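Structure file structure.csv with CSV, C-alpha atoms:
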```csv
chain,number,residue,atom,x,y,z
A,27,LYS,CA,109.6,275.8,78.6
A,28,TYR,CA,108.3,275.6,75.0
A,29,ASP,CA,108.2,272.9,72.4
A,30,VAL,CA,106.1,271.4,69.6
A,31,SER,CA,103.9,269.4,72.0
A,32,ILE,CA,103.3,272.4,74.2
A,33,ALA,CA,102.3,274.5,71.2
A,34,LYS,CA,99.8,271.9,70.0
A,35,ASP,CA,98.3,271.6,73.5
A,36,ARG,CA,97.9,275.4,73.8
A,37,ILE,CA,96.2,275.5,70.4
A,38,SER,CA,93.8,272.7,71.4
A,39,ARG,CA,92.8,274.6,74.5
A,40,LEU,CA,92.5,277.8,72.5
A,41,ILE,CA,90.1,276.2,70.0
A,42,VAL,CA,87.8,275.1,72.9
A,43,GLN,CA,87.9,278.5,74.6
A,44,VAL,CA,87.2,280.4,71.3
A,45,ARG,CA,84.4,278.1,70.5
A,46,ASP,CA,82.8,278.5,74.0
A,47,ASP,CA,83.2,282.3,74.1
A,48,CYS,CA,81.9,282.8,70.6
A,49,TRP,CA,78.9,280.6,71.3
A,50,ARG,CA,78.2,282.7,74.4
A,51,HIS,CA,77.8,285.8,72.1
A,52,GLY,CA,76.0,284.0,69.3
A,53,VAL,CA,78.9,284.3,66.8
A,54,THR,CA,78.5,282.4,63.6
A,55,HIS,CA,81.4,284.1,61.6
A,56,LEU,CA,84.9,284.0,62.8
A,57,VAL,CA,87.8,286.1,61.4
A,58,ILE,CA,91.2,284.7,62.1
A,59,ASN,CA,94.0,287.3,62.0
A,60,GLY,CA,97.4,285.8,61.3
A,61,LEU,CA,99.8,288.4,62.6
A,62,GLY,CA,103.1,286.8,61.7
A,63,ASP,CA,106.0,285.3,63.6
A,64,TYR,CA,104.7,281.8,63.2
A,65,ILE,CA,108.3,280.5,63.3
A,66,SER,CA,111.5,281.4,65.2
A,67,GLY,CA,113.4,281.9,62.0
A,68,ASN,CA,116.9,283.2,61.4
A,69,ILE,CA,116.8,286.7,62.8
A,70,HIS,CA,118.5,286.1,66.2
A,71,LEU,CA,121.2,283.5,66.8
A,72,PRO,CA,119.9,282.6,70.3
A,73,LEU,CA,116.5,281.8,68.8
A,74,ARG,CA,118.1,279.4,66.2
A,75,LEU,CA,120.2,277.7,68.9
A,76,ASN,CA,117.1,277.3,71.1
A,77,SER,CA,114.8,276.0,68.4
A,78,GLN,CA,113.9,272.3,68.4
A,79,GLU,CA,113.6,272.3,64.7
A,80,ASP,CA,115.3,273.8,61.7
A,81,VAL,CA,113.4,276.6,59.9
A,82,ILE,CA,112.1,274.4,57.1
A,83,SER,CA,110.7,271.9,59.5
A,84,GLN,CA,109.1,274.7,61.5
A,85,VAL,CA,107.4,275.9,58.4
A,86,MET,CA,106.0,272.5,57.5
A,87,ASP,CA,104.8,271.8,61.1
A,88,VAL,CA,103.3,275.2,61.6
A,89,SER,CA,101.5,275.0,58.3
A,90,GLU,CA,99.8,271.7,59.1
A,91,VAL,CA,99.0,272.8,62.7
A,92,MET,CA,97.3,275.9,61.5
A,93,ALA,CA,95.4,274.1,58.8
A,94,GLU,CA,94.1,271.6,61.4
A,95,MET,CA,93.2,274.5,63.8
A,96,ILE,CA,91.2,276.3,61.1
A,97,SER,CA,89.6,273.1,59.9
A,98,LEU,CA,88.4,272.2,63.4
A,99,LEU,CA,87.0,275.8,64.0
A,100,SER,CA,85.2,275.6,60.7
A,101,LYS,CA,83.0,272.9,62.2
A,102,TYR,CA,81.5,275.7,64.4
A,103,PHE,CA,81.9,278.9,62.3
A,104,TYR,CA,82.2,280.3,58.8
A,105,ILE,CA,85.8,281.5,58.7
A,106,ASP,CA,87.8,284.3,57.0
A,107,CYS,CA,91.6,284.2,57.4
A,108,TYR,CA,93.8,287.2,56.8
A,109,THR,CA,97.6,287.1,57.2
A,110,VAL,CA,100.5,289.5,57.4
A,111,TYR,CA,104.1,288.4,57.5
A,112,GLY,CA,106.3,288.8,60.6
A,113,ASN,CA,110.0,289.7,60.9
A,114,HIS,CA,110.9,286.3,62.3
A,115,GLY,CA,110.1,284.7,59.0
A,116,ARG,CA,112.4,286.7,56.8
A,117,VAL,CA,114.9,284.8,54.8
A,118,THR,CA,117.8,287.2,55.3
A,119,PRO,CA,118.7,287.8,59.0
A,120,ASP,CA,119.8,291.4,58.4
A,121,LYS,CA,116.7,293.5,57.9
A,122,LYS,CA,118.6,296.1,56.0
A,123,GLU,CA,119.4,293.6,53.3
A,124,SER,CA,116.1,291.8,53.4
A,125,LEU,CA,113.3,292.0,50.8
A,126,SER,CA,109.8,292.2,52.3
A,127,LEU,CA,108.4,289.3,50.2
A,128,GLU,CA,111.4,287.0,50.9
A,129,ASN,CA,109.7,285.5,53.9
A,130,PHE,CA,109.1,281.9,54.8
A,131,GLU,CA,105.7,282.7,56.1
A,132,ARG,CA,104.4,283.2,52.5
A,133,ILE,CA,104.8,279.4,52.2
A,134,ILE,CA,102.5,278.9,55.2
A,135,GLU,CA,99.8,281.2,53.5
A,136,TRP,CA,100.2,279.3,50.2
A,137,TYR,CA,99.9,275.9,52.0
A,138,LEU,CA,96.7,276.9,53.8
A,139,MET,CA,95.1,278.0,50.5
A,140,SER,CA,95.9,274.6,49.0
A,141,ARG,CA,95.1,272.5,52.0
A,142,LEU,CA,91.7,274.2,52.7
A,143,LYS,CA,90.6,275.0,49.2
A,144,ASP,CA,87.8,272.4,49.3
A,145,ASN,CA,86.4,273.5,52.6
A,146,PRO,CA,83.3,275.7,51.7
A,147,ARG,CA,83.3,277.2,55.2
A,148,VAL,CA,86.8,278.7,55.0
A,149,SER,CA,88.2,281.6,52.9
A,150,ILE,CA,91.9,282.2,52.9
A,151,ASN,CA,92.3,285.8,51.8
A,152,VAL,CA,95.7,286.2,50.2
A,153,THR,CA,97.7,289.3,51.1
A,154,THR,CA,97.5,291.7,48.2
A,155,ASP,CA,99.8,294.4,49.7
A,156,CYS,CA,103.1,294.4,47.8
A,157,THR,CA,105.1,294.1,51.0
A,158,GLY,CA,102.9,291.6,52.8
A,159,ASP,CA,102.8,293.6,56.0
A,160,MET,CA,99.4,295.3,55.8
A,161,VAL,CA,95.8,294.0,55.4
A,162,VAL,CA,92.6,296.0,55.4
A,163,TYR,CA,89.0,294.6,55.7
A,164,ASP,CA,85.6,295.5,57.0
A,165,VAL,CA,83.4,293.8,59.7
A,166,LYS,CA,79.9,295.0,60.4
A,167,GLY,CA,80.8,298.3,58.7
A,168,TRP,CA,83.9,298.8,60.9
A,169,HIS,CA,87.2,299.5,59.1
A,170,ILE,CA,89.9,297.2,60.4
A,171,GLY,CA,93.6,297.1,59.7
A,172,LEU,CA,96.2,294.4,60.4
A,173,ILE,CA,100.0,295.0,60.7
A,174,HIS,CA,102.7,292.8,62.2
A,175,GLY,CA,104.1,295.8,64.1
A,176,ASP,CA,107.8,295.7,63.5
A,177,LYS,CA,107.6,298.9,61.5
A,178,ASP,CA,105.1,300.7,63.6
A,179,LYS,CA,105.0,301.6,67.3
A,180,VAL,CA,101.5,301.1,68.9
A,181,SER,CA,101.3,304.8,69.5
A,182,LYS,CA,101.9,305.5,65.8
A,183,ALA,CA,100.0,302.6,64.2
A,184,ALA,CA,96.7,304.5,63.6
A,185,SER,CA,98.3,307.6,62.1
A,186,ASN,CA,100.8,305.7,60.0
A,187,MET,CA,98.1,303.4,58.5
A,188,THR,CA,95.7,306.3,58.0
A,189,LEU,CA,98.3,308.3,56.1
A,190,MET,CA,99.5,305.4,54.0
A,191,THR,CA,96.1,304.1,52.9
A,192,ARG,CA,94.3,307.5,53.1
A,193,GLN,CA,91.5,305.8,55.0
A,194,PRO,CA,90.3,306.2,58.5
A,195,PHE,CA,90.3,303.1,60.8
A,196,ASP,CA,88.1,302.0,63.6
A,197,LEU,CA,90.4,299.2,64.8
A,198,ILE,CA,94.0,298.2,64.2
A,199,ILE,CA,95.4,294.9,65.3
A,200,THR,CA,99.1,294.3,65.7
A,201,ALA,CA,101.6,292.0,67.4
A,202,HIS,CA,105.4,291.9,67.2
A,203,LYS,CA,106.1,292.8,70.8
A,204,HIS,CA,104.6,289.4,71.9
A,205,HIS,CA,102.7,290.9,74.8
A,206,PHE,CA,99.2,292.4,75.1
A,207,ASN,CA,98.5,296.1,74.8
A,208,ALA,CA,95.5,298.2,74.1
A,209,ASP,CA,95.3,301.9,73.2
A,210,GLU,CA,93.0,304.5,71.5
A,211,THR,CA,94.2,307.1,69.1
A,212,ASN,CA,91.8,309.7,67.9
A,213,GLY,CA,88.9,307.3,68.0
A,214,CYS,CA,90.8,304.3,66.6
A,215,MET,CA,91.3,301.3,68.9
A,216,VAL,CA,94.8,299.7,68.6
A,217,ILE,CA,95.2,296.2,70.1
A,218,ALA,CA,98.5,294.3,70.3
A,219,ASN,CA,98.0,290.6,70.4
A,220,PRO,CA,100.2,288.5,72.8
A,221,SER,CA,102.2,285.5,71.7
A,222,LEU,CA,101.3,281.8,71.9
A,223,MET,CA,104.9,281.1,72.9
A,224,GLY,CA,105.2,283.6,75.7
A,225,VAL,CA,108.7,284.6,76.6
A,226,ASP,CA,112.0,283.3,75.1
A,227,ASP,CA,115.6,283.7,76.0
A,228,TYR,CA,116.1,286.7,73.7
A,229,ALA,CA,113.2,288.5,75.4
A,230,LYS,CA,114.5,287.6,78.8
A,231,ASP,CA,117.9,289.1,77.9
A,232,LEU,CA,116.0,292.3,77.2
A,233,ARG,CA,114.4,292.0,80.6
A,234,VAL,CA,110.9,291.7,79.3
A,235,THR,CA,108.4,288.9,79.8
A,236,SER,CA,104.7,288.0,79.2
A,237,TYR,CA,102.2,285.2,79.5
A,238,PRO,CA,101.5,283.0,76.5
A,239,ALA,CA,98.0,284.1,75.4
A,240,GLN,CA,95.8,285.1,72.5
A,241,THR,CA,92.9,287.6,72.2
A,242,LEU,CA,89.4,287.1,71.0
A,243,ILE,CA,87.5,290.3,69.9
A,244,ILE,CA,83.7,290.3,69.6
A,245,VAL,CA,82.8,293.0,67.0
A,246,GLY,CA,79.4,294.6,67.7
A,247,ASP,CA,77.0,296.9,65.9
A,248,LYS,CA,77.9,299.8,68.2
A,249,SER,CA,81.6,299.2,68.7
A,250,PRO,CA,84.4,297.5,66.8
A,251,VAL,CA,85.4,296.1,70.2
A,252,GLU,CA,82.2,295.2,72.0
A,253,CYS,CA,83.9,292.7,74.1
A,254,MET,CA,87.5,291.3,74.3
A,255,TYR,CA,88.7,288.1,75.9
A,256,TYR,CA,92.4,287.7,77.0
A,257,ILE,CA,92.9,284.0,76.7
A,258,ARG,CA,95.8,282.9,78.9
A,259,LEU,CA,97.4,279.6,77.8
A,260,ASP,CA,100.0,278.9,80.4
```

Could I get this file's structure written as structure tokens?
Amino acid sequence: KYDVSIAKDRISRLIVQVRDDCWRHGVTHLVINGLGDYISGNIHLPLRLNSQEDVISQVMDVSEVMAEMISLLSKYFYIDCYTVYGNHGRVTPDKKESLSLENFERIIEWYLMSRLKDNPRVSINVTTDCTGDMVVYDVKGWHIGLIHGDKDKVSKAASNMTLMTRQPFDLIITAHKHHFNADETNGCMVIANPSLMGVDDYAKDLRVTSYPAQTLIIVGDKSPVECMYYIRLD
């Protein structure tokens, strides 16, 4: 079961868990990685039929829910937000006919910039990649990359990003499959974030399932993944 009220409840519990776990480690600076698929979108007919809301309503609701989440977390931390776009948000269902930047999730990013522009503790870092599906930044000297994951298998993510950007990476964070996974490729950690939603009918038809969850990564001086929390939200 999943609906708007369940989503809001899970996010409320996520905020509390992230706050408590970060306090335990003395964290004062939080990086929020938006990995896409914030909405169900148009890509699969069963998803559209199961959605409580039309796509535009989803975009509006998700934008405000995310803004509220970031605003609440900014009471406890300085926040940097980075975003890549997911395949669920594309305007055209057929990926072969879709343009990368024709994605409803760009509106969410734009809304967050406008909504939080007067919060001095929040920085919304706009995606500069021309396709919107790759972000690179540094934390404590570690080189970190974000991708949604629909164009890269976990096993190929490190080599693909290194070859494309001509830069070595210490950590790559991805999503797309909507379940947790962690791997290491030639010294680069690759972590796949699970989904707040958990499983849907489309996934069940493929005979795959997972728990609704999110991950919190504590970046240390000696490791890009000093500690990781798997936060279950079922």

Using 10 Å as the limit and counting all atoms listed in the file, can you tabulate each residue of segment 87-206 of chain A that touches segment 239-244 of chain A, with its shortest atom-to-atom distance in Å and the two atoms involved, as JSON lines?
```
{"residue": "A:His204", "atom": "CA", "partner": "A:Ala239", "partner_atom": "CA", "distance": 9.2}
{"residue": "A:His205", "atom": "CA", "partner": "A:Ala239", "partner_atom": "CA", "distance": 8.3}
{"residue": "A:Phe206", "atom": "CA", "partner": "A:Ala239", "partner_atom": "CA", "distance": 8.4}
```

Could you please take those selected residues and save C-alpha atoms as a compact mmCIF listing (two decimals), in the coordinates of the input?
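So the final result, stored in part_37.txt, reads:
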```txt
# COMPACT_ATOMS: atom_id res chain seq x y z
CA HIS A 204 104.60 289.40 71.90
CA HIS A 205 102.70 290.90 74.80
CA PHE A 206 99.20 292.40 75.10
```

Report the closest atom pair, with its distance in Å rounded to one decimal, for each residue of segment 136-233 of chain A that has an atom no farther than 12 Å from segment 104-108 of chain A; count all atoms listed in the file, sort by chain and then rising residue number, and write it as JSON lines.
```
{"residue": "A:Leu138", "atom": "CA", "partner": "A:Cys107", "partner_atom": "CA", "distance": 9.6}
{"residue": "A:Met139", "atom": "CA", "partner": "A:Cys107", "partner_atom": "CA", "distance": 9.9}
{"residue": "A:Leu142", "atom": "CA", "partner": "A:Cys107", "partner_atom": "CA", "distance": 11.0}
{"residue": "A:Asn145", "atom": "CA", "partner": "A:Ile105", "partner_atom": "CA", "distance": 10.1}
{"residue": "A:Pro146", "atom": "CA", "partner": "A:Tyr104", "partner_atom": "CA", "distance": 8.5}
{"residue": "A:Arg147", "atom": "CA", "partner": "A:Tyr104", "partner_atom": "CA", "distance": 4.9}
{"residue": "A:Val148", "atom": "CA", "partner": "A:Ile105", "partner_atom": "CA", "distance": 4.7}
{"residue": "A:Ser149", "atom": "CA", "partner": "A:Asp106", "partner_atom": "CA", "distance": 4.9}
{"residue": "A:Ile150", "atom": "CA", "partner": "A:Cys107", "partner_atom": "CA", "distance": 4.9}
{"residue": "A:Asn151", "atom": "CA", "partner": "A:Tyr108", "partner_atom": "CA", "distance": 5.4}
{"residue": "A:Val152", "atom": "CA", "partner": "A:Tyr108", "partner_atom": "CA", "distance": 6.9}
{"residue": "A:Thr153", "atom": "CA", "partner": "A:Tyr108", "partner_atom": "CA", "distance": 7.2}
{"residue": "A:Thr154", "atom": "CA", "partner": "A:Tyr108", "partner_atom": "CA", "distance": 10.4}
{"residue": "A:Asp155", "atom": "CA", "partner": "A:Tyr108", "partner_atom": "CA", "distance": 11.8}
{"residue": "A:Gly158", "atom": "CA", "partner": "A:Tyr108", "partner_atom": "CA", "distance": 10.9}
{"residue": "A:Asp159", "atom": "CA", "partner": "A:Tyr108", "partner_atom": "CA", "distance": 11.1}
{"residue": "A:Met160", "atom": "CA", "partner": "A:Tyr108", "partner_atom": "CA", "distance": 9.9}
{"residue": "A:Val161", "atom": "CA", "partner": "A:Tyr108", "partner_atom": "CA", "distance": 7.2}
{"residue": "A:Val162", "atom": "CA", "partner": "A:Tyr108", "partner_atom": "CA", "distance": 9.0}
{"residue": "A:Tyr163", "atom": "CA", "partner": "A:Tyr108", "partner_atom": "CA", "distance": 8.9}
{"residue": "A:Asp164", "atom": "CA", "partner": "A:Asp106", "partner_atom": "CA", "distance": 11.4}
{"residue": "A:Val165", "atom": "CA", "partner": "A:Asp106", "partner_atom": "CA", "distance": 10.8}
{"residue": "A:Ile170", "atom": "CA", "partner": "A:Tyr108", "partner_atom": "CA", "distance": 11.3}
{"residue": "A:Gly171", "atom": "CA", "partner": "A:Tyr108", "partner_atom": "CA", "distance": 10.3}
{"residue": "A:Leu172", "atom": "CA", "partner": "A:Tyr108", "partner_atom": "CA", "distance": 8.4}
{"residue": "A:Ile173", "atom": "CA", "partner": "A:Tyr108", "partner_atom": "CA", "distance": 10.7}
{"residue": "A:His174", "atom": "CA", "partner": "A:Tyr108", "partner_atom": "CA", "distance": 11.8}
{"residue": "A:Ile199", "atom": "CA", "partner": "A:Tyr108", "partner_atom": "CA", "distance": 11.6}
```

Pairwise distance for atom CA of Gly115 of chain A and atom CA of Gly175 of chain A, rounded to one decimal in Å: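 Atom CA of Gly175 of chain A lies 13.6 Å from atom CA of Gly115 of chain A.
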
Residue nearest Ile96 of chain A among A:Ile257, A:Leu40, A:Ile198, A:Cys48 (counting all atoms listed in the file): A:Leu40

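Using only C-alpha atoms, the smallest distance between any of A:Tyr28, A:Tyr111, A:Phe130, A:Phe103 and Val44 of chain A comes from A:Phe103.
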
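Here atom CA of Leu98 of chain A is placed at a distance of 26.6 Å from atom CA of His114 of chain A.
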
Atom CA of Glu90 of chain A to atom CA of Val117 of chain A, distance in Å rounded to a single decimal: 20.4 Å

Residue contacts of Lys166 of chain A (9 Å, all atoms listed in the file) excluding same-chain residues fewer than 4 positions away, as a VMD selection string: chain A and resid 245 to 247 250

Radius query 10 Å about (106.0, 296.1, 62.9), atoms used: all atoms listed in the file, as JSON, numbers by chain: {"A": [61, 62, 111, 112, 113, 159, 160, 173, 174, 175, 176, 177, 178, 179, 180, 183, 200, 201, 202, 203]}

Residue with smallest distance to Ile41 of chain A - pool A:Met254, A:Met223, A:Ile82, A:Ile58, counting all atoms listed in the file: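 Result for the nearest residue to Ile41 of chain A: A:Ile58.
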
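For Ser185 of chain A, the non-local neighbours within 12 Å, defined as residues at least 5 positions apart in the same chain or in other chains and counting all atoms listed in the file, are Gly171, Asp178, Lys179, Val180, Met190, Thr191, Arg192, Gln193, Pro194, Phe195, Asp196, Leu197, Ile198, Glu210, Thr211, Asn212, Gly213, Cys214, Met215 and Val216 of chain A.
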
Minimum-distance residue to Glu128 of chain A, chosen among A:Met187, A:Lys34, A:Met95, A:Arg116 (using only C-alpha atoms):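 Comparing A:Met187, A:Lys34, A:Met95, A:Arg116 against Glu128 of chain A, the winner is A:Arg116.
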
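Closest to Glu135 of chain A among A:Val42, A:Leu99, A:Leu259, A:Met92 is A:Met92, based on only C-alpha atoms.
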